[in-house]
Amino acid sequence: MARQLSDRLGIPYYELDNVVWRRSEAGDIKRSEQDRNQNLNEIIHSSAWIIEGVHTEWVERSFKQANVILILDPPYSGANIQDC
């Protein structure tokens, strides 16, 4: 759904799992807390962004930077924006 919102609004989106993990072909490597926080800060201080994920504690500062917060509770199978 974040990708669909991003496409529709022309705003980049970020998956919080990719903020926590550095992805590579050799395997995922968990970022240090400092690295993770710096990555999040770069995102939330950009001009526009959509973040998605279920993390709450360490992303709380993003809530304060957001203009809009959407909490989605879609059905488990195949939901898309048109259904919501």
# chains A, B, ... in the order shown; residues from 1 in each chain; ligands from 1
call {"tool": "residues_around", "arguments": {"residues": "range 36-42 of chain A", "least_positions_apart": "4", "cutoff": "6 Å", "atoms": "only C-alpha atoms", "output": "VMD selection string"}}
result
chain A and resid 19 to 20 31
call {"tool": "write_last_selection", "arguments": {"atoms": "N, CA and C atoms", "output": "mmCIF file, in the first residue's frame"}}
result
data_model
loop_
_atom_site.group_PDB
_atom_site.id
_atom_site.type_symbol
_atom_site.label_atom_id
_atom_site.label_comp_id
_atom_site.auth_asym_id
_atom_site.auth_seq_id
_atom_site.Cartn_x
_atom_site.Cartn_y
_atom_site.Cartn_z
ATOM 1 N N VAL A 19 15.594 0.169 6.684
ATOM 2 C CA VAL A 19 16.313 1.121 7.526
ATOM 3 C C VAL A 19 17.100 0.347 8.590
ATOM 4 N N VAL A 20 16.534 -0.735 9.069
ATOM 5 C CA VAL A 20 17.171 -1.577 10.094
ATOM 6 C C VAL A 20 18.260 -2.462 9.493
ATOM 7 N N ARG A 31 22.046 -3.044 10.815
ATOM 8 C CA ARG A 31 22.767 -1.789 11.023
ATOM 9 C C ARG A 31 22.942 -1.541 12.515
#
call {"tool": "closest_residue", "arguments": {"among": "A:Pro75, A:Ser62, A:Ala2, A:Glu25", "to": "His45 in chain A", "atoms": "only C-alpha atoms"}}
result
A:Ser62
call {"tool": "select_by_dssp", "arguments": {"residues": "chain A", "states": "helix (DSSP H, G or I)", "output": "VMD selection string"}}
result
chain A and resid 2 to 9 16 to 20 33 to 44 60 to 65 81 to 83
call {"tool": "residues_around", "arguments": {"residues": "Val54 in chain A", "least_positions_apart": "4", "cutoff": "10 Å", "atoms": "only C-alpha atoms", "output": "PDB file with N, CA, C and O atoms, in the first residue's frame"}}
result
ATOM      1  N   GLU A  15      10.765   1.373   3.350  1.00  0.00           N
ATOM      2  CA  GLU A  15      10.372   0.274   4.218  1.00  0.00           C
ATOM      3  C   GLU A  15      11.285   0.304   5.447  1.00  0.00           C
ATOM      4  O   GLU A  15      12.508   0.310   5.313  1.00  0.00           O
ATOM      5  N   LEU A  16      10.702   0.322   6.633  1.00  0.00           N
ATOM      6  CA  LEU A  16      11.506   0.411   7.851  1.00  0.00           C
ATOM      7  C   LEU A  16      12.437  -0.778   8.012  1.00  0.00           C
ATOM      8  O   LEU A  16      13.517  -0.639   8.589  1.00  0.00           O
ATOM      9  N   ASP A  17      12.068  -1.934   7.492  1.00  0.00           N
ATOM     10  CA  ASP A  17      12.974  -3.078   7.567  1.00  0.00           C
ATOM     11  C   ASP A  17      14.283  -2.773   6.848  1.00  0.00           C
ATOM     12  O   ASP A  17      15.347  -3.222   7.260  1.00  0.00           O
ATOM     13  N   VAL A  59      11.124   4.870  15.933  1.00  0.00           N
ATOM     14  CA  VAL A  59      10.657   5.751  14.868  1.00  0.00           C
ATOM     15  C   VAL A  59       9.729   6.846  15.381  1.00  0.00           C
ATOM     16  O   VAL A  59       9.199   7.629  14.613  1.00  0.00           O
TER      17      VAL A  59
END
call {"tool": "select_by_dssp", "arguments": {"residues": "range 13-70 of chain A", "states": "strand (DSSP E or B)", "output": "list in words"}}
result
Tyr13, Tyr14, Glu15, Trp21, Arg22, Ile29, Lys30, Ile50, Ile51 and Glu52 of chain A
call {"tool": "write_last_selection", "arguments": {"atoms": "N, CA and C atoms", "output": "PDB file, in the first residue's frame"}}
result
ATOM      1  N   TYR A  13       8.868   6.301  -0.918  1.00  0.00           N
ATOM      2  CA  TYR A  13       8.530   5.553   0.291  1.00  0.00           C
ATOM      3  C   TYR A  13       9.715   4.704   0.722  1.00  0.00           C
ATOM      4  N   TYR A  14       9.744   4.406   2.007  1.00  0.00           N
ATOM      5  CA  TYR A  14      10.838   3.648   2.595  1.00  0.00           C
ATOM      6  C   TYR A  14      10.251   2.578   3.497  1.00  0.00           C
ATOM      7  N   GLU A  15      10.765   1.373   3.350  1.00  0.00           N
ATOM      8  CA  GLU A  15      10.372   0.274   4.218  1.00  0.00           C
ATOM      9  C   GLU A  15      11.285   0.304   5.447  1.00  0.00           C
ATOM     10  N   TRP A  21      18.019  -3.001   8.301  1.00  0.00           N
ATOM     11  CA  TRP A  21      18.923  -3.976   7.697  1.00  0.00           C
ATOM     12  C   TRP A  21      19.582  -3.411   6.449  1.00  0.00           C
ATOM     13  N   ARG A  22      20.860  -3.632   6.298  1.00  0.00           N
ATOM     14  CA  ARG A  22      21.589  -3.309   5.071  1.00  0.00           C
ATOM     15  C   ARG A  22      21.479  -4.554   4.191  1.00  0.00           C
ATOM     16  N   ILE A  29      22.637  -7.544   6.739  1.00  0.00           N
ATOM     17  CA  ILE A  29      23.451  -7.191   7.899  1.00  0.00           C
ATOM     18  C   ILE A  29      22.699  -6.132   8.694  1.00  0.00           C
ATOM     19  N   LYS A  30      22.493  -6.399   9.966  1.00  0.00           N
ATOM     20  CA  LYS A  30      21.776  -5.444  10.806  1.00  0.00           C
ATOM     21  C   LYS A  30      22.645  -4.210  11.032  1.00  0.00           C
ATOM     22  N   ILE A  50       7.244   8.736   2.678  1.00  0.00           N
ATOM     23  CA  ILE A  50       6.271   7.794   3.233  1.00  0.00           C
ATOM     24  C   ILE A  50       7.106   6.678   3.844  1.00  0.00           C
ATOM     25  N   ILE A  51       6.864   6.367   5.093  1.00  0.00           N
ATOM     26  CA  ILE A  51       7.529   5.217   5.690  1.00  0.00           C
ATOM     27  C   ILE A  51       6.460   4.202   6.056  1.00  0.00           C
ATOM     28  N   GLU A  52       6.838   2.941   5.962  1.00  0.00           N
ATOM     29  CA  GLU A  52       5.899   1.877   6.332  1.00  0.00           C
ATOM     30  C   GLU A  52       6.626   0.861   7.177  1.00  0.00           C
TER      31      GLU A  52
END
call {"tool": "closest_residue", "arguments": {"among": "A:Ala48, A:Leu72, A:Ala66, A:Ala26", "to": "Gly10 in chain A", "atoms": "only C-alpha atoms"}}
result
A:Ala48
call {"tool": "atom_distance", "arguments": {"atom1": "CA of Gly27 in chain A", "atom2": "CA of Trp58 in chain A"}}
result
23.7 Å
